[in-house]
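Below is one structure, written out as structure tokens, with a few remarks after it.
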Amino acid sequence: MSKQHTLKDSFTLKGKGLHTGLPITITFNPAPDNFGYKIKRVDLEDQPIIDILAENVGNTQRGTVLVKGDVFVSTVEHAMAALYALRVDNCLIEVNAPEFPILDGSAIQYVEAIKKVGVVEQAEERDYFIVRHKMEVVDEETGSKLTLLPDDRFCINSFIEFESKYIPNQSATLENLEDFEKDIANCRTFVFVREVQQLRDAGLIKGGDLDNAIVIYERQISQQELNSLADLLGVPHKDATELGYLNNKQIMYPNEPARHKLLDIIGDMALIGKPIKGRIIATRPGHKINNKLARLVRKQIKMNEVQPPIHDPNKEAVFDINKIKELLPHRYPFLMVDKVIEIGQKHIVGIKNLSVNELFFQGHFPQEPVMPGVLQVEAMAQIGGLLVLSQVEEPERYSTYFLKIDNVKFRNKAVPGDTLIFRLDLTSEIRRGIANMKGYAFIGDRLVSEAEFTAQIVKNK
């Protein structure tokens, strides 16, 4: 398990807003464990704070806009992509305007600033959203589709389509976040000449120019119209017969627009609130469909307080049965754990395989064998005991005993042939030999039971 990270120090960037044209100062600050991402509008009287989460997105027109009441902050996606890709889990962002600065239209300046101050490891473990089943969102009107599939890391395949001979079909792929800086971060946002006037009429891109966006001129218009748009953007007049890119500097890659769309996906997925282990297949992505997928994942997170642990039978156990017997005093027929597959400072995952030969099945019940709920709680306690005993010297000299059990819930039956997967988390620091834990039992993806309990570590006589 990897740890959470935050910035080693604060950093500040300055630039203009793409849509407002305002001069903007933005500061990124370290934040404590489990803080997540938050924005503080320091230009407003009460300095309101907005949680950077998918359900707080109120608009996706030409950018991702976070809203809280009548307070909003737009164009957050490039900064969020940089934080997410560089594995910064906790950050307080202070901004003095209703949007983030556009800078050069990419995420590279954010990346460079993060790398300059560095990141620091924190105490708490990263809580991944692990994709177990296919998830898909579709926009029938636009033909956009995002599919989220299981994978052992976060990766993206993105495909864009436009009615333009310059970017009719493009694709971009990111197989590893380690490649974000060199392959994706410097790719700029883009706009078609035919859209510029419409966006201006809508009160947007007041700060847009040929240095912070790729401007694609793919359909010839009159010289007068092009001159008017050039004046609007504050740039020299161009020859209306010469189609192509109007930028002051050349494009970075032949597929730079597709790469920038991939950058936007990362920024919008950062609003899930957890790092992801899964692969996104994106067709005609945009902020609207990106947010639709992020909201679907957020819904899954809210429905499941803890995700079922992954059990790979081919992976070597952290504690096998012999190690378990060194730590626990329990023996047949009351040893309720077969192996431990994962352990950290504050959590543990253990396995109990149910055979029809279990002694309790003989009487509970002869015609319908079911594992007693109290024994599921006992198994949780034994696995929790392994967590705390593994952290003391001479663990064989200690035992753990129940002091209290609360909020026990049984949701599904456990029967012969099932493999129970238990996850135990410490809910507070161990003090004076007292450990408070929350336990969950799963069969596959199904939650079977859960309980909160307090145990005491006692030295054997």
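Each chain in the structure tokens gets a letter, A, B, ..., in the order shown, and its residues are numbered from 1; ligands are numbered from 1 in order too.
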Item to complete: Per DSSP on the backbone, filter stretch 152-243 of chain A down to the residues in helix (DSSP H, G or I) and report them as a PyMOL selection string.
Response: chain A and resi 177-183+193-201+223-233
Atoms kept (N, CA and C atoms) for selection, written as a PDB file, in the first residue's frame:
ATOM      1  N   LEU A 177       1.052   6.947 -15.331  1.00  0.00           N
ATOM      2  CA  LEU A 177       1.076   8.343 -14.906  1.00  0.00           C
ATOM      3  C   LEU A 177       2.483   8.924 -14.865  1.00  0.00           C
ATOM      4  N   GLU A 178       3.493   8.053 -14.764  1.00  0.00           N
ATOM      5  CA  GLU A 178       4.877   8.522 -14.761  1.00  0.00           C
ATOM      6  C   GLU A 178       5.206   9.246 -16.068  1.00  0.00           C
ATOM      7  N   ASP A 179       4.467   8.960 -17.141  1.00  0.00           N
ATOM      8  CA  ASP A 179       4.740   9.574 -18.446  1.00  0.00           C
ATOM      9  C   ASP A 179       3.960  10.865 -18.672  1.00  0.00           C
ATOM     10  N   PHE A 180       3.184  11.289 -17.696  1.00  0.00           N
ATOM     11  CA  PHE A 180       2.334  12.473 -17.863  1.00  0.00           C
ATOM     12  C   PHE A 180       3.163  13.717 -18.173  1.00  0.00           C
ATOM     13  N   GLU A 181       4.243  13.921 -17.430  1.00  0.00           N
ATOM     14  CA  GLU A 181       5.016  15.152 -17.600  1.00  0.00           C
ATOM     15  C   GLU A 181       5.588  15.273 -19.003  1.00  0.00           C
ATOM     16  N   LYS A 182       6.157  14.204 -19.537  1.00  0.00           N
ATOM     17  CA  LYS A 182       6.831  14.304 -20.830  1.00  0.00           C
ATOM     18  C   LYS A 182       5.897  14.144 -22.020  1.00  0.00           C
ATOM     19  N   ASP A 183       4.757  13.473 -21.837  1.00  0.00           N
ATOM     20  CA  ASP A 183       3.892  13.167 -22.981  1.00  0.00           C
ATOM     21  C   ASP A 183       2.590  13.967 -23.046  1.00  0.00           C
ATOM     22  N   VAL A 193     -11.533  28.466 -35.165  1.00  0.00           N
ATOM     23  CA  VAL A 193     -11.841  29.861 -35.491  1.00  0.00           C
ATOM     24  C   VAL A 193     -13.345  30.083 -35.543  1.00  0.00           C
ATOM     25  N   ARG A 194     -14.075  29.113 -36.105  1.00  0.00           N
ATOM     26  CA  ARG A 194     -15.522  29.260 -36.235  1.00  0.00           C
ATOM     27  C   ARG A 194     -16.231  29.339 -34.880  1.00  0.00           C
ATOM     28  N   GLU A 195     -15.546  28.932 -33.781  1.00  0.00           N
ATOM     29  CA  GLU A 195     -16.151  28.970 -32.452  1.00  0.00           C
ATOM     30  C   GLU A 195     -15.825  30.250 -31.691  1.00  0.00           C
ATOM     31  N   VAL A 196     -14.767  30.952 -32.132  1.00  0.00           N
ATOM     32  CA  VAL A 196     -14.264  32.073 -31.340  1.00  0.00           C
ATOM     33  C   VAL A 196     -15.320  33.143 -31.129  1.00  0.00           C
ATOM     34  N   GLN A 197     -15.971  33.580 -32.208  1.00  0.00           N
ATOM     35  CA  GLN A 197     -16.965  34.633 -32.080  1.00  0.00           C
ATOM     36  C   GLN A 197     -18.133  34.195 -31.205  1.00  0.00           C
ATOM     37  N   GLN A 198     -18.548  32.934 -31.348  1.00  0.00           N
ATOM     38  CA  GLN A 198     -19.658  32.428 -30.534  1.00  0.00           C
ATOM     39  C   GLN A 198     -19.294  32.460 -29.049  1.00  0.00           C
ATOM     40  N   LEU A 199     -18.046  32.058 -28.744  1.00  0.00           N
ATOM     41  CA  LEU A 199     -17.605  32.050 -27.353  1.00  0.00           C
ATOM     42  C   LEU A 199     -17.515  33.465 -26.803  1.00  0.00           C
ATOM     43  N   ARG A 200     -17.026  34.394 -27.633  1.00  0.00           N
ATOM     44  CA  ARG A 200     -16.970  35.787 -27.205  1.00  0.00           C
ATOM     45  C   ARG A 200     -18.377  36.337 -26.952  1.00  0.00           C
ATOM     46  N   ASP A 201     -19.307  36.006 -27.829  1.00  0.00           N
ATOM     47  CA  ASP A 201     -20.686  36.469 -27.668  1.00  0.00           C
ATOM     48  C   ASP A 201     -21.316  35.911 -26.396  1.00  0.00           C
ATOM     49  N   GLN A 223     -11.686  37.705 -45.671  1.00  0.00           N
ATOM     50  CA  GLN A 223     -10.568  38.394 -45.049  1.00  0.00           C
ATOM     51  C   GLN A 223     -11.064  39.372 -43.983  1.00  0.00           C
ATOM     52  N   GLN A 224     -12.189  40.002 -44.273  1.00  0.00           N
ATOM     53  CA  GLN A 224     -12.734  40.962 -43.313  1.00  0.00           C
ATOM     54  C   GLN A 224     -13.118  40.279 -42.001  1.00  0.00           C
ATOM     55  N   GLU A 225     -13.774  39.098 -42.101  1.00  0.00           N
ATOM     56  CA  GLU A 225     -14.166  38.363 -40.894  1.00  0.00           C
ATOM     57  C   GLU A 225     -12.946  37.930 -40.097  1.00  0.00           C
ATOM     58  N   LEU A 226     -11.934  37.426 -40.805  1.00  0.00           N
ATOM     59  CA  LEU A 226     -10.725  36.974 -40.115  1.00  0.00           C
ATOM     60  C   LEU A 226     -10.009  38.152 -39.467  1.00  0.00           C
ATOM     61  N   ASN A 227      -9.986  39.281 -40.143  1.00  0.00           N
ATOM     62  CA  ASN A 227      -9.354  40.467 -39.563  1.00  0.00           C
ATOM     63  C   ASN A 227     -10.084  40.901 -38.288  1.00  0.00           C
ATOM     64  N   SER A 228     -11.398  40.820 -38.325  1.00  0.00           N
ATOM     65  CA  SER A 228     -12.189  41.197 -37.146  1.00  0.00           C
ATOM     66  C   SER A 228     -11.875  40.289 -35.964  1.00  0.00           C
ATOM     67  N   LEU A 229     -11.750  38.982 -36.240  1.00  0.00           N
ATOM     68  CA  LEU A 229     -11.411  38.043 -35.174  1.00  0.00           C
ATOM     69  C   LEU A 229      -9.997  38.278 -34.661  1.00  0.00           C
ATOM     70  N   ALA A 230      -9.080  38.596 -35.567  1.00  0.00           N
ATOM     71  CA  ALA A 230      -7.714  38.899 -35.148  1.00  0.00           C
ATOM     72  C   ALA A 230      -7.690  40.119 -34.239  1.00  0.00           C
ATOM     73  N   ASP A 231      -8.463  41.121 -34.577  1.00  0.00           N
ATOM     74  CA  ASP A 231      -8.551  42.312 -33.729  1.00  0.00           C
ATOM     75  C   ASP A 231      -9.166  41.960 -32.374  1.00  0.00           C
ATOM     76  N   LEU A 232     -10.126  41.056 -32.409  1.00  0.00           N
ATOM     77  CA  LEU A 232     -10.777  40.609 -31.180  1.00  0.00           C
ATOM     78  C   LEU A 232      -9.783  39.938 -30.246  1.00  0.00           C
ATOM     79  N   LEU A 233      -8.877  39.150 -30.841  1.00  0.00           N
ATOM     80  CA  LEU A 233      -7.871  38.431 -30.068  1.00  0.00           C
ATOM     81  C   LEU A 233      -6.627  39.262 -29.808  1.00  0.00           C
TER      82      LEU A 233
END
Discussion item. List as an MDAnalysis selection string the protein and nucleic acid residues near A:His347, meaning an atom at most 7 Å away when only C-alpha atoms are counted, but skip any in the same chain fewer than 4 places from it.
Written reply: chainID A and resid 343 424:426
Item to complete: For stretch 204-218 of chain A, list every protein, DNA or RNA residue within 7 Å, evaluated using only C-alpha atoms, and leave out those in the same chain fewer than 3 positions away; present the list as a PyMOL selection string.
Response: chain A and resi 16-21+102-105+164+166+188-193+199-200+233+243-248
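Every protein or nucleic acid residue with an atom no more than 8 Å from A:Val95, counting only C-alpha atoms and leaving out same-chain residues fewer than 6 positions away, appears here: Ile24, Thr25, Ile26, Thr27, Ile39, Lys40, Arg41, Val42 and Asp43 of chain A.
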Discussion item. With only C-alpha atoms as the counted atoms, please give the residues lying no more than 10 Å from A:Phe422, apart from itself and same-chain residues fewer than 6 positions off, as a PyMOL selection string.
Written reply: chain A and resi 308-309+337+340+348-352+376-377+379-380+383-384+439-443+447-450
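Excluding A:Lys299 itself and any same-chain residue fewer than 3 positions from it, the protein and nucleic acid residues within 12 Å of it, counting only C-alpha atoms, are Leu53, Ala54, Glu55, Phe129, Met135, Ile272, Gly273, Lys292, Leu293, Ala294, Arg295, Leu296, Lys302, Met303, Asn304 and Glu305 of chain A.
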Keeping only C-alpha atoms, take the residues you just selected and write them out as an mmCIF file, in the first residue's frame.
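Printed below is result20.cif as written:
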data_model
loop_
_atom_site.group_PDB
_atom_site.id
_atom_site.type_symbol
_atom_site.label_atom_id
_atom_site.label_comp_id
_atom_site.auth_asym_id
_atom_site.auth_seq_id
_atom_site.Cartn_x
_atom_site.Cartn_y
_atom_site.Cartn_z
ATOM 1 C CA LEU A 53 -15.602 16.824 -6.004
ATOM 2 C CA ALA A 54 -17.599 15.742 -9.040
ATOM 3 C CA GLU A 55 -20.991 16.398 -7.461
ATOM 4 C CA PHE A 129 -11.028 3.266 -6.057
ATOM 5 C CA MET A 135 -18.801 1.068 -15.918
ATOM 6 C CA ILE A 272 -13.584 11.503 -7.827
ATOM 7 C CA GLY A 273 -11.669 12.148 -4.600
ATOM 8 C CA LYS A 292 -20.910 12.118 -15.814
ATOM 9 C CA LEU A 293 -18.448 9.247 -15.306
ATOM 10 C CA ALA A 294 -16.882 10.905 -12.252
ATOM 11 C CA ARG A 295 -20.341 11.299 -10.688
ATOM 12 C CA LEU A 296 -21.128 7.627 -11.346
ATOM 13 C CA LYS A 302 -20.913 6.635 -1.331
ATOM 14 C CA MET A 303 -22.782 3.328 -1.538
ATOM 15 C CA ASN A 304 -19.789 1.359 -0.284
ATOM 16 C CA GLU A 305 -17.960 2.754 2.737
#
Worksheet item: Among stretch 222-329 of chain A, which ones does DSSP place in strand (DSSP E), written as a ChimeraX atom specification?
Response: /A:244-245,276-283
Selection above as a file: N, CA and C atoms, as a PDB file, in the first residue's frame:
ATOM      1  N   GLY A 244      -5.017  26.387 -41.530  1.00  0.00           N
ATOM      2  CA  GLY A 244      -4.067  25.694 -40.650  1.00  0.00           C
ATOM      3  C   GLY A 244      -4.132  26.234 -39.237  1.00  0.00           C
ATOM      4  N   TYR A 245      -3.014  26.094 -38.511  1.00  0.00           N
ATOM      5  CA  TYR A 245      -2.929  26.567 -37.139  1.00  0.00           C
ATOM      6  C   TYR A 245      -2.462  28.024 -37.144  1.00  0.00           C
ATOM      7  N   ILE A 276      -7.429   6.204  -8.807  1.00  0.00           N
ATOM      8  CA  ILE A 276      -8.159   5.132  -9.480  1.00  0.00           C
ATOM      9  C   ILE A 276      -7.201   4.037  -9.942  1.00  0.00           C
ATOM     10  N   LYS A 277      -7.639   2.808  -9.831  1.00  0.00           N
ATOM     11  CA  LYS A 277      -6.985   1.698 -10.511  1.00  0.00           C
ATOM     12  C   LYS A 277      -7.982   1.175 -11.536  1.00  0.00           C
ATOM     13  N   GLY A 278      -7.803   1.602 -12.783  1.00  0.00           N
ATOM     14  CA  GLY A 278      -8.719   1.225 -13.841  1.00  0.00           C
ATOM     15  C   GLY A 278      -8.317   1.891 -15.135  1.00  0.00           C
ATOM     16  N   ARG A 279      -8.880   1.422 -16.237  1.00  0.00           N
ATOM     17  CA  ARG A 279      -8.568   1.947 -17.571  1.00  0.00           C
ATOM     18  C   ARG A 279      -9.797   2.633 -18.152  1.00  0.00           C
ATOM     19  N   ILE A 280      -9.603   3.852 -18.647  1.00  0.00           N
ATOM     20  CA  ILE A 280     -10.681   4.594 -19.301  1.00  0.00           C
ATOM     21  C   ILE A 280     -10.502   4.512 -20.812  1.00  0.00           C
ATOM     22  N   ILE A 281     -11.551   4.087 -21.493  1.00  0.00           N
ATOM     23  CA  ILE A 281     -11.615   4.137 -22.954  1.00  0.00           C
ATOM     24  C   ILE A 281     -12.581   5.265 -23.295  1.00  0.00           C
ATOM     25  N   ALA A 282     -12.054   6.346 -23.877  1.00  0.00           N
ATOM     26  CA  ALA A 282     -12.857   7.547 -24.108  1.00  0.00           C
ATOM     27  C   ALA A 282     -13.042   7.794 -25.599  1.00  0.00           C
ATOM     28  N   THR A 283     -14.281   7.944 -26.036  1.00  0.00           N
ATOM     29  CA  THR A 283     -14.608   8.307 -27.410  1.00  0.00           C
ATOM     30  C   THR A 283     -15.310   9.653 -27.398  1.00  0.00           C
TER      31      THR A 283
END
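Restricting the calculation to only C-alpha atoms, the smallest distance between A:Tyr253 and any of A:Ala172, A:Leu335, A:Ala123, A:Ala270 is found for A:Ala172.
Here atom CA of A:Pro333 is placed at a distance of 17.6 Å from atom CA of A:Gly385.
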Worksheet entry | Contacts of stretch 319-329 of chain A within 9 Å, only C-alpha atoms, excl. fewer than 3 positions in-chain, as a count of residues only | 21
Worksheet item: Which of these, A:Glu112, A:Glu121, A:Glu140, A:Glu77, has the shortest distance to A:Lys8 once you count only C-alpha atoms?
Response: A:Glu121
Worksheet, complete the sentence: What separates atom CA of A:Ile457 and atom CA of A:Gln307 is a distance of 28.2 Å
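Proximity to A:Glu141 was assessed for A:Ile289, A:Leu359, A:Met371, A:Ala435 counting only C-alpha atoms; the smallest distance is recorded for A:Ile289.
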